[in-house]
Structure formats: structure tokens, C-alpha cells
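A.B. asks: Please see the structure below; I have some questions.
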Amino acid sequence: MTQRRLLPLAAWLAALLVAAALAAGARYTADLSAFLPRAPTPAQQLLVDQLRDGAVGRVMMIAIEGADAAARAALSRELAARLRTDARFAYVANGAAQGLERERQLLFEHRYLLSPAVTPERFSAAGLREAIGETLDLVASSAGGLAQALLPRDPTGEMALIAAAHLAAGPRPALFDGVWASRDGERAVLLARTAAAGADTDAQEAAMQAAHAAFAAAAARLAAPQARLRLSGAGVFAVESRALVKREVARVAALGLALIAALLLLAYRSPLALALGLLPVLTGALVGVAAVAAGFGVVHGITLGFGATLIGESVDYAIYLFVQSGAARGARGAWLAEFWPTIRLGVLTSMIGFAALLLSGFPGLAQLGLYSVCGLAAAALFTRYVLPLLLPEGLRVRELTAFGARLGRWRAAAGGRRWLVAALCAAAVVALFAQRDALWAADLSALSTVSAQDQAYDGRLRADLGAADARYLVVAAGSDEQAALRAAERVDAALRPLVAQGVIAGYDSAARYLPSAQTQAARAASLPAPGELRERLARALSGLPLRAARLEGFIGDAAKVHAGARLTRADLEGSALGAALDALLLRRADGWHALVPLRAPATGPAALVIDAARVREALAGSDALFIDLKAEANALYAGYLHEAIALAAVGVAAVLLLLMIALRSAARVGRVAAPLGAAVLVTAAVLAAAGQTLNLLHLVGFLLVVAVGSNYALFFERAGGAPAPRVLASIALANATTVIGFGVLSTSSVPVLRAIGATVALGTLLTLAFAALLSGARGDAR
Amino acid sequence: MPARRTLLALLLACASAAQAAPPWTLERLLQGFAQTREAHASFVEKKMVRVLEAPLVSSGELHFAAPDRLEKRTLRPRPEILRLEGDTLTLERGERRLQLSLRAQPQAAAFVESIRGTLAGDRQALERAYTLRLEGAERAWALTLTPREPDIAQLVQRIRIAGQRAEVTVIEILQANGDSTLMSVQRLPAP
């Protein structure tokens, strides 16, 4: 006896220890990467890369609000200076020219390698004459200040051309007091890029803290206590989402557990029974998380949120044991013999339904499947093999037979109203049919935990900063760095006409910061040797008010390039130019990618949207890939949703097959399936009628309804429609806990948790009601 | 900055006004400017740049409309429009168009606002930014402005405006680096 007791206990404790270790060692994330496919297309892979560690995810937009404009500008300078010395930031821009001397120096030093205008013709006598003539015109003009200062070393005006190209590519926010500000001048804005990838949520959090600390120090030094800092960007959202989900899960789990515990205490009148009854929940949740950690290495925040929901299902097992057996030791053997097979079938039904999700190509959905299957199995096994051993001799829970008998009379009164269920189902079908086109959310944002206000603020900051929302991207691939740069230069040539035609407003390119060796060599070869250049200048300058003797600086600079000076990636390292290059030229497993982010026109007929067909047409013949990341993400989500619907259908078929094998009668299977099907149908209709577009999490909610409700339906079916008072009491209690647990979830501010909560609370309640309505009107108890 | 120099020139060149009575004082000169509602003029600008052997010459038209619209339209050697409207400075040259807000450039703003003060007859505003010295008589006067602000003094050594009555005929700007600009202005009848 002792050994028979010890073995399951030891196994349970060992399993708990292993699970705790796995759960503690797991990495938790809240970004969207868990919703991206395991076997992506090149475009999807790119989307994943961009979200995980691309420039998109690294952008941190910083806003300074409050105080007055002068204080905000001073804070902007101080904050930028502090963050530029922080290794967590690769790049910080606030519009002020200070701090960019090195960048200007780099551009000037390498101007003959960087300027797209450098050709052999431009450095012929005639070309030089034309270029210098243009520069002199510029010097004569109102905008001639810089050209005048640079004239002796840059008479052909390459620096102005490079500056114009960078100006066209980069953001051009409004300037107030010399730093970037929103159009209305009410906030100073800065653009930063973190050193860490956007998907590295811990590092993003550290960067946010660093920004807040630097701001606090700056505000203290400048005595501007009214000023506030606001951060936005993909990485910021990931950090905030994770914190929100954590907070919400903790709140919901605590509140749900407290309410359920209060109810169970009322029902059992035994704190010990209550404590023991929560053990299957804890066991299941821990094992579920551990299984996901072991299977995926990363646990998604949504999975954890879902973890809180399994309370609703696994708490039922102990309720069935305690209430149906009265917890009397002698009755437990009888309970095992009489009721365990039914519960076991219910558990298997739930597991099979969720197991279908394991087939998903999306890690997020597969995680939910694995979590549920393992969590439910662990909770059920614990209830069957360990929990009875833990019950002390004298444990008694309150006798609920009288309560059950009253429920039985209600059931008998309700029973036999099949027409009511049929009518509700018919109405539901009509309602769903009417909404058929808008039933499912087509947009990935349906799963976002970011509030509409935060998204709107993010949009405003992007507009302030003129920051590309990184929606449109051309990717040029190459086997090595140089091949990728050459490919980017071909893209550059193909896109230039589109800028002139207004299809795109501009674009950035790695080749703008680091031209390929081939292009650099061609540009260098355009420059004549010093002797030849002097000779050509003499001819070019005849009649112009400039003498060649004044241009020795120019001749010397050109000679250096002619002699072989080249720009390398190492030269740019540590500068803002190097940071920009790093974001645009990436090493991939299969080679190198040069990214060319496109900016949509801000105004005009094609404002904010780029005509994909025109871009693809311009790129035709090259290997470059044009991607609309937003469309790609939405297509991805749509695929995800369709797959989930298909998998849910597979799950339903598998459940029916299992029931058929277990019950060996189509009529019996029908009696189990009818209340479940009707409940799911009516729940979906109610949600749709309430204006909710259904998303993936509603679908998961339906699976949970089937998982939880199948137990009720099986008990009803087993009892021929009229369960014994104790059984009825246990079902009612189980349902009350489920409705409480998920009802609490439906109050969450996280949309995905709210979706599951509302679906399951309503669905399980309806399952029980429909099971009663569909039961025969005969005898109130067996 | 050349843009600022030009602005000043433009503002002062456009200013001209009705007859005034003796004695000739700074007060009366500024009053004359303030009465101008609209003015047209042609200009020829010669830029003396040290590295160049000969001055660079450009020409075009100036237009001023009270209270705050000023335009310098260069026609030769290359068309260009420099326009100040409210707080916005716009430069159009070829296909390029550059716009900047004066609020973004406190120095330029101080510069422009002091000139506006002049046009409005606000001597105080002008004297905040410059030391003023008026020479000559009503028929041939010369006003010399020397920047007080170190930021502006770094760029501009002094500005000399000469004219007769309430009409500007010459604006000469001497830059701190030794380069200089001489703009001759001739009033045109309203178009």
C-alpha cells in the first residue's frame, strides 16, 4: 500500500521539479514572431527578419512634450548627446547639425567615390567647365554659402549633389529652435536606432530604461520638471505588450483564482479540499508551460495568457472527484469505476481537439496546442492517480445532493425543448450568414495588444519624423557583400525614373553609403591623373573668373582617389552612416541582402500608398524582390487563420471519430455533439451580432468550449439525459467555475484574452443549458 | 549667411515712401519706410569672392508687399526665387525647392524681425540687433548697420545702405571673411 502510494507521488513530484526547471529556464517573448510561419516564403522570411532584427524593429521614436519650446529643444540636444555615448544606441538623430561633423567629413573626403554624378565626361575639359560654371552660378545665388566655402576643393559641386541625394532619402521633419519637432511645434522629436534587435525584448527594455534615465538626468540638469518623455516603435511596443500581458495575466489569474476559490470553499466547506482541488490546475499549468519551453525553446506571452484559462478546465476534474464521490474514502473506488471512464473520454476529447493545432505551421498556434494537450493530460493524470492518495482519511466535503436534486427538477422542467435549441440554432445560422463577409478579421492587428491610442500616437510620430513606416521594401540579394551592393545599384537605377514620375517619393539604399567596389573603381577611373587634370582645368577655366592655381586642393583630393583611395565599410564604422549601412546591408544564412526602403508619396493621388505593380514592372528582369510588408503580414495572418479553421475542422472530425469509437453508436455521438455544436454556433452568432469580428483567438475559444463542454455532454449522455443529483451538482459547480474564470478574462484589456474569455464563458454556459434543454423530459433522477 | 544678407537688402530696397520734411534724421528715414505698402524694383548684384578673379553678377527683380511678403526673383544667370512670407522662407531653384521656418533659425528670425521692425518704423527692434549710424543728407544718405549679436557678427561685418529720400539705391554687405556683395537697386513702377 505504502509503495503503491509512494510511486505515483514520487513520479508527480519529479515531474513537477523537471517542469519547474524547464519553465524557469524558458525564454518568454511577446513579439509577433510567434505568429510567423515555420516554413516561410522568401517574402515571409524577410518579414520575419525585419520584425526580428531588421531596421524596422530597431527604430525608437522619442518625443519630448510639456514645458516650452526652448526647454524641449535644449532637452532634445542634451538627451541626444547622452544617448550618443550609450552603447545601447547605434544612432540618435534630433535634426541638430552638431554631432554630425564626422559624417560630413566622411562624405566630403570620399565625395568623388560617393557622388553619382562622377563620370569621365564630367571630368573632361568641357564637363569641368560646365560643372564649375554651375557651381559659380550657385555661389552667385542666395543659396551659395556652402558652395562658396567649398569652392577651392570642390569646384564641381559634388558635395551639394551628395547632400541632395541624402536629403531626398532621409526624413525631413520640421525644425524648431534647430531641432526636429512635430509640425505644430508642440513636441520635440528624435529618431534613434537601438544596437539590439527589435525581437530582443530584454535589450529593448534596457534601451527604454536608458532613454528614460538619460531624460530624467537631462531634465534635472536643465531644470525642466514639466517636460515628459514618450517612446514609441516596434521594440517599445514589444516591451509594453509583454509588460501588459504579464500584468493582465497576473491580475486575471489572481482574480479568477480568488473568485473560484471562494465559490469552491462555499461548496466544499473544506479549505483542505479547496487546496487539494487546485493542485490539478497548478500541475497542468506548470507541465503545459514546461512542454512548450522544451518543445519550442521560447514561450509566447499569449500562450501564458492562455495558461491562465486552463484553470477553467482542469479545476473541473477535482470538482467531479469531490462532489460526485462526496470525497468519502470508500466511495472513491466506486467513483473511479463509475465516473472515471466518462471523464477520461472527456479529457481525450479535449486533447484530440487541441492536438489538431499541433499540426499548425505557425509556432504560436502549435504552442497553444502543445500547452493544452500536455496541461490537460497532466491535470487529468494527477487527478486520477495522485489526488486520491493525497486525500486524508477524514476529509469530507459538503453533501450537495439536495442542491443537485433541485437542479434535477429544473432540468426536468427545461428538458424536452428541442425546438427551442433548433430555433436558436436557426437564428444563429441566419445571423452568421448575414455577416458572412465580415465575420473573420482580415487584419493582423486583430491580435495586437497595442491600444488604438498608442498606435495613433506612433503614427503621428512617424509623420512628424517623416520616418518611413518601413512598409515598402525592395530587397536585392547577392552571394557576397559586393554582389548585394551591385544588385542594390541596379535597383537604384531602376527606381530613379519612378521618383521622377511621382510613383515613389524616394528611397534609401546601402549603395548610397557604400558604393560597390566596381562603381568606386569606375568613378575613380573617371578622374584624370593630376597632370592631365591641370591641363584640362586650364582649358575649362578660360573665360571663367576662377584660376586653376586656386584649385590645388581639388587637384590633390582627386589625385588621392585616382591613386587608389577607396571607401570601405570599416571607414564608416561608428558613424551614423555606418549605422545606416548596417541596417540596410545584412548578412543572411544564404548570402547578403541589400535593403532599399521606399517612401510613399506624402501627397497627391497616390498619397501614402505605393503602386506595387509599377514598382514590380520597373524591377522586372532583376532578381530584386518588392515587398509590401503590411500586405505580406496580413496575407500571412489570413493564411494562419484559414489554416486554423481547417485544423479546427480536423479537430472536430477527430473528436467525432473518437466518440464514435468510444460510444459505438451514431445516436449517442449525436446526443453528445448536439449541445456542443449548438453552443458554438449560437456563441459565434452572439459575438458577431455584438459587432465583434472573429479572430484566431475566438477559434481557440471554440475549441475550449468543446473541451470543457464535452464533459457535461458526456455526463448527460451517460445518464440518459438525466444525471444523478450529485453529478448534476458537480457539473453546475464546474460550469460556474469556468464561467467565473473566463468571465474575468473577458474583462481584460488585452484583446486576445478578452476574445477567449467571452467565447468560453458564454459557450460553456450555453453547452450546459442546451444539454438540459435537449435532455428528455423523463425522470428527474436515476 | 547669404540668404540673410539678401533678405536685408531686399527689405530695405523695397522700402520707399512719400516725401519727407527736414530735418533729416533716422526717425524720419524709418518713418518713410514704414509708409510703403508695396514696391517693385530691379536689381543688379555683384558678389566679390576672394578666390575669384572677377565679381559674379546676377540680376532680377525685387517685390515687397506689406506687411510680410518679400520676394527676390533672380532672372540671370539662372532663375531662382527667394521668398519670405510670414515665418516661411522658400528658395526655388531649378527643380529644387527648399523651405524653412524662421522659427527653426533663431538667428535668422532675429535678423528678419529686426528688419521688419525697421519697415514698421520700429527703431527699437532695429537697434536691438545693430548699432546704427546715419550719414549724409536727405538727398544722399547712407545708413550703416553693425551687428551687435556675436552670432551674426561672425558672418556679417557690416551692412551699408545708401539712398535718396525714402528710396534705397545701394546695399553693400561686407562679410566677416572679406567677401562682399554690392547690390544696386532701381525702383520700377508697379506692374
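Ordering of the C-alpha cells sets the chain letters (A, B, ...); residue numbers start at 1 within each chain; ligands are numbered from 1 in the order shown.
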Would you return as a ChimeraX atom specification the members of segment 591-744 of chain A that DSSP assigns to alpha helix (DSSP H) on this structure's backbone?

C.D. replies: /A:612-619,629-663,666-689,696-718,725-744

A.B. asks: Using only C-alpha atoms, determine which residues of chain A fall within 9 Å of chain B; present them as a list in words.

C.D. replies: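 Close enough to count are Leu136, Asp137, Leu138, Val139, Ala140, Ser141, Ser142, Ala143, Gly144, Gly145, Gln148, Leu151, Pro152, Ala174, Leu175, Phe176, Asp177, Gly178, Val179, Trp180, Leu544, Pro545, Leu546, Arg547 and Arg550 of chain A.
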
A.B. asks: In Å, with one decimal, what is the gap from atom CA of Ala589 of chain A to atom CA of Gln482 of chain A?

C.D. replies: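 Answer for the atom CA of Ala589 of chain A to atom CA of Gln482 of chain A separation: 16.0 Å.
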
A.B. asks: Write out as a ChimeraX atom specification all residues of segment 18-86 of chain B that DSSP puts in strand (DSSP E) for this structure's backbone.

C.D. replies: /B:38-48,56-65,69-76,80-85

A.B. asks: Would you output that residue set with C-alpha atoms, as a short mmCIF file (atom, residue, chain, number, x, y, z; two decimals), in the first residue's frame?

C.D. replies:
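Written file, part-v6.cif:
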data_model
loop_
_atom_site.label_atom_id
_atom_site.label_comp_id
_atom_site.auth_asym_id
_atom_site.auth_seq_id
_atom_site.Cartn_x
_atom_site.Cartn_y
_atom_site.Cartn_z
CA GLU B 38 4.00 97.82 -51.99
CA ALA B 39 7.13 98.27 -54.08
CA HIS B 40 8.86 96.91 -57.17
CA ALA B 41 12.49 97.28 -58.10
CA SER B 42 15.11 95.80 -60.37
CA PHE B 43 18.49 94.85 -59.02
CA VAL B 44 21.99 94.03 -60.16
CA GLU B 45 24.07 92.17 -57.62
CA LYS B 46 27.84 91.85 -57.73
CA LYS B 47 29.44 89.30 -55.49
CA MET B 48 33.12 89.74 -54.75
CA LEU B 56 29.87 87.23 -60.01
CA VAL B 57 26.99 89.20 -61.39
CA SER B 58 23.34 88.33 -61.07
CA SER B 59 20.23 90.37 -61.74
CA GLY B 60 16.49 90.28 -61.38
CA GLU B 61 13.59 91.89 -59.60
CA LEU B 62 12.52 92.64 -56.08
CA HIS B 63 8.99 92.83 -54.84
CA PHE B 64 7.62 93.79 -51.47
CA ALA B 65 4.04 93.75 -50.24
CA ARG B 69 5.72 89.28 -48.15
CA LEU B 70 9.07 89.77 -49.84
CA GLU B 71 10.38 88.24 -52.99
CA LYS B 72 13.74 88.26 -54.73
CA ARG B 73 13.35 86.94 -58.23
CA THR B 74 16.71 86.33 -59.87
CA LEU B 75 16.50 86.06 -63.66
CA ARG B 76 20.17 85.87 -64.64
CA GLU B 80 15.79 81.50 -58.78
CA ILE B 81 13.13 82.71 -56.41
CA LEU B 82 13.73 83.60 -52.79
CA ARG B 83 10.53 84.35 -50.95
CA LEU B 84 9.76 85.32 -47.39
CA GLU B 85 6.16 85.02 -46.39
#

A.B. asks: Looking at only C-alpha atoms, which of A:Val239, A:Ala203, A:Leu257, A:Ala673 is the one that sits closest to Leu658 of chain A?

C.D. replies: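 The shortest atom-to-atom distance to Leu658 of chain A comes from A:Ala673.
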
A.B. asks: Excluding Ile162 of chain A and its own-chain neighbours fewer than 5 positions away, which residues fall within 10 Å of it when counting only C-alpha atoms? Please give them as a ChimeraX atom specification.

C.D. replies: /A:107-108,111-112,114-117,157,167-168,512

A.B. asks: When you look at segment 343-358 of chain A with a cut-off of 6 Å (counting only C-alpha atoms), what residues show up, excluding the ones that are within fewer than 2 positions of it in the same chain? I need them as a VMD selection string.

C.D. replies: chain A and resid 340 to 341 360 366 369 373 647 651 655 707 710 to 711

A.B. asks: Based on the selection just made, write N, CA and C atoms of those residues as a PDB file, in the first residue's frame.

C.D. replies:
ATOM      1  N   TRP A 340     -14.915   7.667 -13.750  1.00  0.00           N
ATOM      2  CA  TRP A 340     -13.628   7.954 -14.417  1.00  0.00           C
ATOM      3  C   TRP A 340     -13.666   7.700 -15.922  1.00  0.00           C
ATOM      4  N   PRO A 341     -14.277   6.597 -16.392  1.00  0.00           N
ATOM      5  CA  PRO A 341     -14.288   6.384 -17.851  1.00  0.00           C
ATOM      6  C   PRO A 341     -14.921   7.556 -18.601  1.00  0.00           C
ATOM      7  N   SER A 360      -0.204  22.777 -36.881  1.00  0.00           N
ATOM      8  CA  SER A 360      -0.093  24.115 -37.467  1.00  0.00           C
ATOM      9  C   SER A 360       1.338  24.444 -37.863  1.00  0.00           C
ATOM     10  N   ALA A 366       0.762  26.251 -32.701  1.00  0.00           N
ATOM     11  CA  ALA A 366       1.264  24.951 -32.258  1.00  0.00           C
ATOM     12  C   ALA A 366       1.561  24.984 -30.755  1.00  0.00           C
ATOM     13  N   GLY A 369      -1.566  24.462 -28.899  1.00  0.00           N
ATOM     14  CA  GLY A 369      -1.939  23.051 -28.959  1.00  0.00           C
ATOM     15  C   GLY A 369      -1.147  22.228 -27.971  1.00  0.00           C
ATOM     16  N   VAL A 373      -2.701  20.208 -24.702  1.00  0.00           N
ATOM     17  CA  VAL A 373      -2.655  18.745 -24.662  1.00  0.00           C
ATOM     18  C   VAL A 373      -1.889  18.284 -23.419  1.00  0.00           C
ATOM     19  N   LEU A 647      -7.751  23.342 -39.378  1.00  0.00           N
ATOM     20  CA  LEU A 647      -7.292  22.445 -38.313  1.00  0.00           C
ATOM     21  C   LEU A 647      -8.399  22.212 -37.292  1.00  0.00           C
ATOM     22  N   GLY A 651      -9.909  18.826 -36.117  1.00  0.00           N
ATOM     23  CA  GLY A 651     -10.069  18.503 -34.706  1.00  0.00           C
ATOM     24  C   GLY A 651     -11.477  18.010 -34.403  1.00  0.00           C
ATOM     25  N   VAL A 655     -12.547  14.407 -33.024  1.00  0.00           N
ATOM     26  CA  VAL A 655     -13.345  14.254 -31.809  1.00  0.00           C
ATOM     27  C   VAL A 655     -14.544  13.342 -32.067  1.00  0.00           C
ATOM     28  N   ALA A 707     -13.823  21.412 -25.475  1.00  0.00           N
ATOM     29  CA  ALA A 707     -13.046  20.668 -24.491  1.00  0.00           C
ATOM     30  C   ALA A 707     -13.763  20.615 -23.141  1.00  0.00           C
ATOM     31  N   SER A 710     -17.563  19.128 -23.449  1.00  0.00           N
ATOM     32  CA  SER A 710     -17.732  17.708 -23.769  1.00  0.00           C
ATOM     33  C   SER A 710     -17.936  16.893 -22.499  1.00  0.00           C
ATOM     34  N   ASN A 711     -17.340  17.320 -21.399  1.00  0.00           N
ATOM     35  CA  ASN A 711     -17.551  16.612 -20.138  1.00  0.00           C
ATOM     36  C   ASN A 711     -19.025  16.668 -19.732  1.00  0.00           C
TER      37      ASN A 711
END

A.B. asks: Quick one: pull the distance between atom CA of Val752 of chain A and atom CA of Val705 of chain A, Å, one decimal.

C.D. replies: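 Answer for the atom CA of Val752 of chain A to atom CA of Val705 of chain A separation: 16.0 Å.
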
A.B. asks: Could you check how far atom CA of Ala558 of chain A sits from atom CA of Glu134 of chain A, in Å to one decimal?

C.D. replies: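 Taking atom CA of Ala558 of chain A as the start and atom CA of Glu134 of chain A as the end point, the length is 19.2 Å.
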